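Participant: entry.cif (mmCIF, C-alpha atoms) pasted underneath:
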data_my_file
loop_
_atom_site.label_atom_id
_atom_site.label_comp_id
_atom_site.auth_asym_id
_atom_site.auth_seq_id
_atom_site.Cartn_x
_atom_site.Cartn_y
_atom_site.Cartn_z
CA MET A 19 98.01 117.87 82.63
CA ARG A 20 97.70 115.70 85.75
CA SER A 21 101.29 116.40 86.85
CA LEU A 22 100.73 120.15 86.33
CA PHE A 23 97.58 119.97 88.48
CA LEU A 24 99.44 118.21 91.29
CA SER A 25 102.36 120.62 91.10
CA THR A 26 99.90 123.52 91.42
CA ILE A 27 98.31 121.98 94.52
CA LEU A 28 101.69 121.46 96.16
CA ALA A 29 102.84 124.97 95.30
CA CYS A 30 99.66 126.48 96.73
CA VAL A 31 100.22 124.86 100.13
CA ALA A 32 103.89 125.86 100.28
CA VAL A 33 103.33 129.00 102.34
CA GLY A 34 101.16 127.28 104.94
CA ALA A 35 102.86 123.89 105.01
CA VAL A 36 104.18 122.73 108.36
CA GLY A 37 107.83 123.63 108.57
CA ALA A 38 107.85 125.64 105.34
CA GLN A 39 110.03 128.72 105.35
CA THR A 40 111.73 131.15 103.03
CA PRO A 41 115.12 129.90 101.77
CA PRO A 42 118.09 131.85 103.17
CA ALA A 43 119.18 134.81 101.10
CA ALA A 44 121.89 134.09 98.58
CA SER A 45 125.38 134.20 100.13
CA GLN A 46 124.01 134.72 103.68
CA ALA A 47 126.08 132.51 105.96
CA THR A 48 125.03 130.40 108.93
CA PHE A 49 127.62 129.62 111.63
CA ILE A 50 126.86 126.45 113.59
CA HIS A 51 128.72 125.90 116.86
CA VAL A 52 128.96 122.14 117.43
CA GLY A 53 129.89 120.50 120.73
CA ARG A 54 130.63 117.06 119.29
CA LEU A 55 130.88 116.33 115.59
CA ILE A 56 130.55 112.93 113.92
CA ALA A 57 131.41 114.17 110.45
CA GLU A 58 131.77 110.65 109.06
CA PRO A 59 130.06 107.90 111.06
CA GLY A 60 132.54 105.09 111.60
CA THR A 61 135.43 107.48 112.26
CA PRO A 62 136.22 109.11 115.63
CA PRO A 63 134.17 112.15 116.67
CA THR A 64 135.79 115.54 117.24
CA ASN A 65 134.91 118.30 119.68
CA ALA A 66 134.27 122.05 119.54
CA LYS A 67 133.82 122.79 115.84
CA THR A 68 132.19 125.50 113.76
CA LEU A 69 130.35 124.62 110.55
CA ILE A 70 129.98 127.50 108.15
CA VAL A 71 127.03 127.05 105.79
CA ARG A 72 126.40 129.15 102.72
CA ASP A 73 124.10 128.67 99.69
CA GLY A 74 122.92 125.30 100.95
CA LYS A 75 126.39 123.79 101.30
CA ILE A 76 129.09 123.47 103.93
CA GLU A 77 131.64 126.13 103.14
CA ALA A 78 134.11 125.27 105.89
CA ILE A 79 134.58 123.34 109.14
CA ARG A 80 136.81 125.15 111.60
CA ASP A 81 138.26 124.31 114.99
CA GLY A 82 136.72 126.01 118.00
CA TYR A 83 133.74 128.31 118.15
CA VAL A 84 134.26 130.94 115.47
CA ALA A 85 132.40 134.21 115.87
CA PRO A 86 129.89 134.73 113.03
CA SER A 87 130.67 137.29 110.37
CA ALA A 88 128.54 140.40 110.00
CA GLY A 89 124.97 139.54 108.97
CA ALA A 90 125.45 135.82 109.52
CA LYS A 91 123.04 133.64 111.52
CA LEU A 92 124.36 131.78 114.57
CA VAL A 93 123.07 128.32 115.56
CA ASP A 94 124.19 127.13 118.98
CA LEU A 95 124.59 123.33 119.11
CA LYS A 96 127.45 123.34 121.63
CA SER A 97 125.51 120.94 123.88
CA LYS A 98 124.68 118.55 121.03
CA THR A 99 126.17 115.76 118.96
CA VAL A 100 125.93 116.61 115.26
CA LEU A 101 125.84 114.03 112.45
CA PRO A 102 125.20 114.02 108.70
CA GLY A 103 121.57 114.04 107.63
CA LEU A 104 120.17 110.51 107.61
CA ILE A 105 119.27 108.52 104.48
CA ASP A 106 116.37 106.05 104.36
CA SER A 107 116.67 104.00 101.18
CA HIS A 108 113.16 102.49 101.31
CA VAL A 109 110.01 104.48 102.05
CA HIS A 110 106.49 104.89 100.63
CA LEU A 111 105.56 108.51 101.34
CA LEU A 112 102.06 108.55 99.84
CA SER A 113 100.56 105.96 102.16
CA GLU A 114 100.58 104.61 105.70
CA LEU A 115 99.23 101.18 106.56
CA SER A 116 96.05 101.32 108.65
CA PRO A 117 92.67 99.58 109.01
CA SER A 118 91.33 101.88 106.25
CA SER A 119 94.12 101.18 103.74
CA ARG A 120 92.07 98.96 101.41
CA LEU A 121 89.23 101.49 101.31
CA ASP A 122 91.69 104.34 100.77
CA THR A 123 92.88 102.60 97.61
CA VAL A 124 89.52 103.19 95.91
CA THR A 125 88.42 106.44 97.56
CA LYS A 126 91.44 108.74 97.73
CA GLU A 127 92.13 111.09 94.82
CA GLU A 128 95.66 111.96 93.71
CA SER A 129 95.16 115.33 95.40
CA ASP A 130 94.61 113.47 98.70
CA LEU A 131 97.77 111.46 98.09
CA ALA A 132 99.72 114.65 97.42
CA LEU A 133 98.72 116.17 100.75
CA ASP A 134 99.26 112.90 102.61
CA GLY A 135 102.69 112.67 101.02
CA LEU A 136 103.55 116.21 102.09
CA VAL A 137 102.61 115.48 105.70
CA HIS A 138 104.48 112.17 105.73
CA ALA A 139 107.57 113.69 104.12
CA GLN A 140 107.76 116.48 106.67
CA LYS A 141 107.37 114.02 109.57
CA THR A 142 110.23 112.05 108.04
CA LEU A 143 112.37 115.17 107.70
CA ARG A 144 111.76 116.24 111.29
CA ALA A 145 112.86 112.75 112.34
CA GLY A 146 116.26 113.52 110.81
CA PHE A 147 115.95 111.87 107.41
CA THR A 148 117.08 114.45 104.88
CA THR A 149 117.20 112.03 101.93
CA VAL A 150 114.76 109.20 101.16
CA VAL A 151 114.13 106.75 98.34
CA ASP A 152 110.45 106.23 97.55
CA LEU A 153 110.17 102.71 96.18
CA GLY A 154 106.71 102.51 94.72
CA ALA A 155 103.62 104.68 94.82
CA ASP A 156 100.10 104.17 93.50
CA GLY A 157 100.11 107.85 92.55
CA HIS A 158 103.48 107.77 90.86
CA HIS A 159 102.97 111.12 89.11
CA THR A 160 102.25 112.55 92.56
CA ILE A 161 105.52 111.38 94.08
CA PHE A 162 107.45 112.91 91.19
CA ALA A 163 105.64 116.23 91.70
CA LEU A 164 106.41 116.15 95.43
CA ARG A 165 110.07 115.35 94.72
CA ASP A 166 110.34 118.24 92.30
CA GLN A 167 108.69 120.73 94.68
CA PHE A 168 111.18 119.87 97.41
CA ALA A 169 114.09 120.05 94.98
CA SER A 170 113.00 123.49 93.78
CA GLY A 171 112.84 124.85 97.31
CA ARG A 172 109.18 125.84 97.05
CA LEU A 173 108.38 123.33 99.78
CA LEU A 174 110.62 122.24 102.63
CA GLY A 175 111.11 118.49 102.63
CA PRO A 176 113.66 115.73 102.27
CA ARG A 177 115.56 115.10 99.08
CA ILE A 178 113.59 112.36 97.28
CA LEU A 179 114.70 109.78 94.77
CA ALA A 180 111.61 108.03 93.42
CA ALA A 181 110.92 104.81 91.56
CA GLY A 182 107.40 105.72 90.52
CA ALA A 183 105.28 102.59 90.11
CA ALA A 184 106.81 99.25 91.04
CA ILE A 185 107.18 96.84 88.13
CA SER A 186 105.24 93.60 88.68
CA PRO A 187 104.02 90.58 86.73
CA THR A 188 100.29 90.06 86.35
CA GLY A 189 99.05 88.74 89.69
CA GLY A 190 102.35 89.61 91.34
CA HIS A 191 103.07 91.57 94.49
CA GLY A 192 102.79 94.93 92.71
CA ASP A 193 99.48 94.14 90.99
CA VAL A 194 95.98 94.79 92.39
CA HIS A 195 94.35 92.08 94.52
CA GLY A 196 91.23 91.43 96.54
CA PHE A 197 88.66 93.63 94.81
CA ARG A 198 85.89 92.85 92.32
CA GLU A 199 87.23 91.82 88.93
CA ASP A 200 85.88 94.87 87.12
CA ILE A 201 87.44 97.19 89.72
CA MET A 202 90.79 95.44 89.50
CA HIS A 203 90.68 95.78 85.72
CA VAL A 204 90.33 99.55 86.03
CA MET A 205 92.96 99.84 88.77
CA GLY A 206 95.60 97.68 87.09
CA PRO A 207 98.86 99.67 86.91
CA GLU A 208 100.68 100.31 83.62
CA SER A 209 103.81 98.95 85.28
CA VAL A 210 102.48 95.37 85.20
CA CYS A 211 104.31 93.41 82.51
CA ASN A 212 104.71 89.88 81.16
CA GLY A 213 107.47 88.60 78.89
CA VAL A 214 110.80 90.14 77.97
CA ASP A 215 109.58 92.79 75.53
CA ASP A 216 106.75 93.94 77.78
CA CYS A 217 109.09 94.19 80.76
CA ARG A 218 111.43 96.39 78.75
CA ARG A 219 108.43 98.55 77.90
CA ALA A 220 107.47 98.87 81.59
CA VAL A 221 110.94 100.06 82.55
CA ARG A 222 110.99 102.60 79.75
CA GLU A 223 107.55 103.88 80.80
CA GLN A 224 108.76 104.57 84.34
CA VAL A 225 111.94 106.27 83.15
CA LYS A 226 109.84 108.39 80.78
CA ALA A 227 107.59 109.37 83.68
CA GLY A 228 110.60 110.53 85.70
CA ALA A 229 111.87 107.59 87.76
CA ASN A 230 115.28 107.94 89.42
CA ILE A 231 115.50 104.22 90.15
CA ILE A 232 113.68 101.09 88.96
CA LYS A 233 111.87 98.97 91.56
CA VAL A 234 110.72 95.43 90.78
CA THR A 235 108.66 92.96 92.79
CA ALA A 236 110.72 89.86 92.07
CA THR A 237 108.86 87.69 94.59
CA GLY A 238 105.57 87.61 96.40
CA GLY A 239 105.08 90.07 99.23
CA VAL A 240 103.52 90.16 102.67
CA LEU A 241 101.04 92.96 101.99
CA SER A 242 99.65 91.85 98.64
CA ASN A 243 96.20 90.50 99.45
CA THR A 244 96.75 87.09 97.93
CA ALA A 245 97.89 83.71 99.24
CA SER A 246 100.47 83.22 96.47
CA GLY A 247 103.49 82.87 98.72
CA LEU A 248 106.81 84.72 98.87
CA SER A 249 108.73 82.95 96.12
CA GLN A 250 109.97 84.10 92.71
CA GLN A 251 107.29 85.62 90.45
CA PHE A 252 109.19 86.90 87.39
CA PHE A 253 111.03 84.49 85.11
CA ASP A 254 114.82 84.80 84.93
CA ASP A 255 114.78 86.26 81.42
CA GLU A 256 112.21 88.87 82.48
CA LEU A 257 114.37 89.93 85.43
CA LYS A 258 117.42 90.24 83.20
CA ALA A 259 115.47 92.31 80.67
CA ILE A 260 114.37 94.68 83.45
CA ALA A 261 117.86 95.10 84.93
CA ASP A 262 119.49 95.47 81.52
CA THR A 263 116.96 98.08 80.39
CA ALA A 264 117.33 100.07 83.59
CA HIS A 265 121.11 100.10 83.25
CA LEU A 266 120.91 100.95 79.55
CA LEU A 267 118.88 104.01 80.50
CA GLY A 268 121.31 105.03 83.25
CA LYS A 269 119.23 103.85 86.23
CA THR A 270 119.97 101.45 89.03
CA ALA A 271 117.54 98.60 89.71
CA THR A 272 116.41 97.21 93.04
CA ALA A 273 114.26 94.14 93.67
CA HIS A 274 111.73 93.47 96.39
CA ALA A 275 112.53 89.84 97.20
CA HIS A 276 111.80 87.56 100.16
CA GLY A 277 112.29 83.99 98.89
CA LYS A 278 115.81 82.65 98.38
CA GLY A 279 115.20 81.68 94.75
CA GLY A 280 113.87 85.10 93.85
CA ILE A 281 116.70 86.93 95.62
CA GLU A 282 119.32 84.89 93.80
CA ALA A 283 117.57 85.18 90.44
CA ALA A 284 117.54 88.96 90.79
CA LEU A 285 121.20 89.04 91.78
CA ARG A 286 122.18 86.86 88.82
CA ALA A 287 120.13 89.15 86.56
CA GLY A 288 122.25 92.12 87.63
CA PHE A 289 120.09 93.96 90.17
CA ASP A 290 122.05 96.45 92.24
CA SER A 291 120.28 95.80 95.53
CA ILE A 292 117.64 93.66 97.18
CA GLU A 293 114.91 94.90 99.50
CA HIS A 294 114.02 92.63 102.49
CA SER A 295 116.04 89.47 101.60
CA SER A 296 114.20 87.49 104.28
CA TYR A 297 115.13 83.93 103.27
CA ALA A 298 118.77 84.59 102.29
CA ASP A 299 121.31 81.98 103.38
CA ALA A 300 125.09 81.54 103.16
CA GLU A 301 124.89 80.71 99.45
CA THR A 302 122.82 83.86 98.86
CA PHE A 303 125.28 86.02 100.79
CA ALA A 304 128.16 84.72 98.70
CA LEU A 305 126.24 85.75 95.58
CA TYR A 306 125.63 89.23 97.03
CA LYS A 307 129.37 89.66 97.44
CA ALA A 308 130.20 88.25 94.03
CA LYS A 309 127.76 90.66 92.39
CA ASN A 310 128.80 93.64 94.58
CA ALA A 311 125.16 94.14 95.55
CA CYS A 312 123.64 95.51 98.77
CA VAL A 313 120.79 94.41 100.99
CA VAL A 314 118.25 96.93 102.31
CA PRO A 315 116.85 94.92 105.24
CA THR A 316 113.69 96.85 106.35
CA LEU A 317 113.61 95.24 109.79
CA LEU A 318 111.06 97.78 110.96
CA ALA A 319 108.58 96.61 108.34
CA GLY A 320 108.97 93.00 109.48
CA THR A 321 108.50 93.95 113.11
CA THR A 322 105.50 96.17 112.30
CA VAL A 323 103.55 93.61 110.29
CA THR A 324 104.23 90.95 112.91
CA GLU A 325 102.80 93.26 115.58
CA MET A 326 99.79 94.07 113.37
CA ALA A 327 99.12 90.41 112.60
CA LYS A 328 99.08 89.57 116.30
CA ALA A 329 96.88 92.55 117.20
CA GLY A 330 94.35 92.03 114.38
CA GLY A 331 92.19 94.66 112.74
CA THR A 332 94.56 95.89 110.03
CA LEU A 333 95.80 92.98 107.90
CA THR A 334 93.65 90.60 105.88
CA GLY A 335 93.90 86.87 106.54
CA ALA A 336 96.30 86.31 103.65
CA GLN A 337 98.50 89.21 104.75
CA ALA A 338 98.55 88.19 108.42
CA ALA A 339 99.57 84.61 107.63
CA LYS A 340 102.56 85.81 105.60
CA ALA A 341 103.48 88.44 108.21
CA LEU A 342 103.65 85.88 111.00
CA THR A 343 105.87 83.70 108.83
CA VAL A 344 108.34 86.20 107.42
CA GLY A 345 108.46 89.00 110.02
CA PRO A 346 110.35 87.06 112.70
CA LEU A 347 113.02 85.94 110.19
CA MET A 348 114.40 89.33 109.32
CA VAL A 349 116.57 90.28 112.31
CA ASN A 350 118.29 86.90 112.19
CA MET A 351 118.84 87.26 108.42
CA LEU A 352 120.55 90.59 108.93
CA SER A 353 122.75 89.21 111.68
CA ARG A 354 123.98 86.51 109.30
CA ALA A 355 124.42 89.04 106.47
CA ARG A 356 126.65 91.17 108.69
CA GLU A 357 128.74 88.16 109.67
CA ALA A 358 129.13 87.29 105.98
CA GLY A 359 130.36 90.80 105.16
CA VAL A 360 127.47 91.74 102.87
CA CYS A 361 126.93 95.42 102.02
CA VAL A 362 124.01 96.65 104.14
CA VAL A 363 122.13 99.91 103.49
CA PHE A 364 119.64 101.43 105.92
CA GLY A 365 116.00 101.24 104.83
CA THR A 366 112.73 100.93 106.73
CA ASP A 367 109.83 100.47 104.29
CA SER A 368 108.09 103.30 106.17
CA GLY A 369 104.50 103.53 105.08
CA VAL A 370 104.22 100.00 106.38
CA SER A 371 105.37 101.47 109.70
CA ARG A 372 104.46 105.02 110.67
CA HIS A 373 106.29 107.85 108.97
CA GLY A 374 108.58 109.62 111.40
CA ASP A 375 109.38 106.42 113.31
CA ASN A 376 112.16 105.55 110.85
CA ALA A 377 114.96 105.70 113.45
CA ARG A 378 113.53 102.66 115.26
CA GLU A 379 115.33 100.68 112.54
CA PHE A 380 118.66 101.58 114.18
CA GLU A 381 117.68 99.77 117.37
CA LEU A 382 116.65 96.68 115.42
CA MET A 383 119.98 96.73 113.57
CA VAL A 384 121.83 96.86 116.89
CA GLN A 385 119.66 93.94 118.04
CA ALA A 386 120.93 92.09 114.94
CA GLY A 387 124.53 92.63 116.05
CA PHE A 388 125.51 95.94 114.46
CA THR A 389 127.40 98.46 116.54
CA PRO A 390 125.72 101.87 116.75
CA ALA A 391 128.52 103.29 114.57
CA GLU A 392 127.91 100.61 111.92
CA ALA A 393 124.18 101.24 111.94
CA LEU A 394 124.69 105.00 111.58
CA ARG A 395 127.20 104.49 108.79
CA SER A 396 124.63 102.42 106.85
CA ALA A 397 122.28 105.44 106.93
CA THR A 398 124.90 107.99 105.93
CA VAL A 399 128.09 106.91 104.17
CA GLY A 400 126.57 103.63 102.97
CA GLY A 401 123.30 105.19 101.87
CA ALA A 402 125.08 107.88 99.88
CA ALA A 403 127.28 105.32 98.12
CA HIS A 404 124.24 103.17 97.35
CA LEU A 405 122.55 106.14 95.67
CA GLY A 406 125.64 107.34 93.82
CA LEU A 407 125.57 110.58 95.82
CA SER A 408 128.73 110.30 97.90
CA ASP A 409 130.01 113.57 96.46
CA GLN A 410 126.94 115.38 97.83
CA ILE A 411 125.66 113.74 101.02
CA GLY A 412 126.53 111.10 103.62
CA THR A 413 129.32 112.99 105.41
CA LEU A 414 129.85 116.54 106.62
CA ALA A 415 132.65 118.13 104.63
CA PRO A 416 133.31 121.37 102.71
CA GLY A 417 131.48 121.41 99.38
CA LYS A 418 128.81 118.92 100.43
CA ALA A 419 125.14 119.61 101.10
CA ALA A 420 124.40 121.19 104.46
CA ASP A 421 122.27 118.25 105.59
CA LEU A 422 122.76 117.61 109.29
CA VAL A 423 121.02 116.51 112.47
CA ALA A 424 121.73 116.98 116.17
CA VAL A 425 120.90 114.97 119.28
CA THR A 426 121.50 115.38 123.00
CA GLY A 427 123.89 112.72 124.28
CA ASP A 428 126.02 110.12 122.57
CA PRO A 429 124.27 107.90 119.98
CA LEU A 430 127.45 105.81 119.71
CA THR A 431 126.66 104.44 123.17
CA ASP A 432 122.85 104.75 123.12
CA ILE A 433 121.42 104.33 119.62
CA SER A 434 117.88 104.98 120.89
CA LEU A 435 118.80 108.68 121.03
CA MET A 436 118.34 108.76 117.25
CA ARG A 437 114.60 108.67 117.91
CA LYS A 438 114.92 112.02 119.72
CA ILE A 439 116.32 114.37 117.07
CA ASP A 440 116.65 117.96 118.35
CA PHE A 441 117.74 119.82 115.22
CA VAL A 442 117.50 119.20 111.47
CA MET A 443 118.94 121.15 108.56
CA VAL A 444 118.46 120.17 104.92
CA GLY A 445 120.24 122.01 102.14
CA GLY A 446 121.11 124.83 104.54
CA ARG A 447 117.47 125.33 105.62
CA ILE A 448 116.45 124.66 109.20
CA ALA A 449 113.61 122.14 109.39
CA LYS A 450 113.60 121.61 113.16
CA GLU A 451 115.13 123.49 116.08
#
So, in terms of structure tokens, how does the structure I just supplied come out?
Facilitator:
Amino acid sequence: MRSLFLSTILACVAVGAVGAQTPPAASQATFIHVGRLIAEPGTPPTNAKTLIVRDGKIEAIRDGYVAPSAGAKLVDLKSKTVLPGLIDSHVHLLSELSPSSRLDTVTKEESDLALDGLVHAQKTLRAGFTTVVDLGADGHHTIFALRDQFASGRLLGPRILAAGAAISPTGGHGDVHGFREDIMHVMGPESVCNGVDDCRRAVREQVKAGANIIKVTATGGVLSNTASGLSQQFFDDELKAIADTAHLLGKTATAHAHGKGGIEAALRAGFDSIEHSSYADAETFALYKAKNACVVPTLLAGTTVTEMAKAGGTLTGAQAAKALTVGPLMVNMLSRAREAGVCVVFGTDSGVSRHGDNAREFELMVQAGFTPAEALRSATVGGAAHLGLSDQIGTLAPGKAADLVAVTGDPLTDISLMRKIDFVMVGGRIAKE
């Protein structure tokens, strides 16, 4: 009943939603004249191309500027550089960290979260991110409803893969902290689990609810309002039970992990990726490679909480102390991960930072030693591979989704241009022009 209610709310705002528009008529083509095309970041760009889009997919890429067929729409991007739609593999669309965040937790209804999520998702889309992975939401039924509305075409938004509620041990990073005991008892999420059998149950509950991916808080976190550190919080056998259950049910599993011990325990347990990875060292990087796992570094989150801790007014004392410790470590960690040859996938943890500012992560990656091409590849080719969607997104090629963005200038020489997206198309629908 609750999911139906939320779906109804989202459907009702579809007509008036910012950026919402009627899907193109079936078989109506769009011809896009492209000045400079980076069809696959990491490979050389080409010039003067025409992309033909039909039914939400790229039908053909032709040399030169091909005149549109009768009845077709023409989009002139001859002065632009065009790239595949961007992929952010770590966001939280239903929230945005602010001085009122703790109060919002106990005052906002799921209907409020739905509308917040819609606004945040459309900011993210207009910033060029046509696919995102939502890795934990208090209103997990809400994020599934939002995902499904975008997928159906009733609302215009990014493609969403969602974890639902993050799986946490009692008192862990994904549990409730800092309120009166009776309030915390009521707010305690069903995804909290203890012991092998209970952890299997928690995974199955999220898959039943509609999760695309399983997210686990394997260590303490900066923004949990508790001074319990950033080390491992699940036991090894619990982590293995979670990863095994996720894989048994056809889902990948990712672990929020800062401390070295927790990162390595999750990797040994079979997790497919690690979010943050702040205290990883050479031994950890070797384990990443041995397990064929990826790191999602979220440098923007580290930078944001460090700035907030210094400014005051947003973080609690426990949060600020952890932020000042872990935030400054993250760029250096990523630099060492790159040197070690670890798989790196673009992810921001937006919701900690402001939605729509996601592309700032590219500049931080370049600061860590990535070339602009490498950073862009992590948010396109690498992101698609990470999500098992390489046959659909990540490059611009015939048969793939018509997800693309355009900028003025050359982002391969000035990565900051990715914060100035001029044009966005998702699934053949124009979201920004």
Participant: Expand the PyMOL selection byres ((chain A and resi 373) around 9) into the explicit residue set it covers here, and present it as a VMD selection string.
Facilitator: chain A and resid 109 to 111 114 138 to 139 141 to 142 145 368 to 372 374 to 376
Participant: Compare A:Phe147, A:Tyr83, A:Phe380, A:Phe162 by their minimum atom-to-atom distance to Leu422 in chain A, counting all atoms listed in the file, and give me the closest one.
Facilitator: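 The closest residue to Leu422 in chain A is A:Phe147.
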Participant: Using the chain letters and residue numbers of this document, give as a count of residues only the residues selected by the PyMOL selection byres ((chain A and resi 81) around 7).
Facilitator: 7
Participant: Could you check the closest approach to Ala163 in chain A for each of A:Ala184, A:Val93, A:Val52, A:Leu133 and tell me which residue wins, using only C-alpha atoms?
Facilitator: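 Once distances to Ala163 in chain A are computed over only C-alpha atoms, the minimum belongs to A:Leu133.
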Participant: Given the file above and the PyMOL selection byres ((chain A and resi 401-411) around 8), which residues are selected, and can you give them as a PyMOL selection string?
Facilitator: chain A and resi 102-103+105-107+312+363-364+395-400+412-414+417-419+421
Participant: Using Å and a single decimal, report how far CA of Thr324 in chain A sits from CA of Met351 in chain A.
Facilitator: 15.7 Å
Participant: I'd like to know which of A:Ala275, A:Phe49, A:Pro117, A:Ala319 is closest to Ala298 in chain A, using all atoms listed in the file.
Facilitator: A:Ala275
Participant: Considering all atoms listed in the file, can you say which of A:Ala90, A:Ile185, A:Ala259, A:Leu164 comes closest to Val234 in chain A?
Facilitator: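 For Val234 in chain A, the nearest of the candidates is A:Ile185.
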Participant: Write out as an mmCIF file with C-alpha atoms, in the frame of the given file the residues lying within 8 Å of Lys307 in chain A, counting only C-alpha atoms and excluding same-chain residues fewer than 2 positions away.
Facilitator:
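Okay, around_34.cif is ready:
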data_model
loop_
_atom_site.group_PDB
_atom_site.id
_atom_site.type_symbol
_atom_site.label_atom_id
_atom_site.label_comp_id
_atom_site.auth_asym_id
_atom_site.auth_seq_id
_atom_site.Cartn_x
_atom_site.Cartn_y
_atom_site.Cartn_z
ATOM 1 C CA PHE A 303 125.280 86.020 100.790
ATOM 2 C CA ALA A 304 128.160 84.720 98.700
ATOM 3 C CA LEU A 305 126.240 85.750 95.580
ATOM 4 C CA LYS A 309 127.760 90.660 92.390
ATOM 5 C CA ASN A 310 128.800 93.640 94.580
ATOM 6 C CA ALA A 311 125.160 94.140 95.550
ATOM 7 C CA GLY A 359 130.360 90.800 105.160
ATOM 8 C CA VAL A 360 127.470 91.740 102.870
ATOM 9 C CA CYS A 361 126.930 95.420 102.020
#
Participant: Could you state the separation of CA of Val100 in chain A and CA of Thr426 in chain A in Å, given to one decimal place?
Facilitator: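 Separating CA of Val100 in chain A from CA of Thr426 in chain A is a distance of 9.0 Å.
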Participant: Quick one: pull the distance between CA of Gly365 in chain A and CA of Thr316 in chain A, Å, one decimal.
Facilitator: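 CA of Gly365 in chain A sits 5.2 Å away from CA of Thr316 in chain A.
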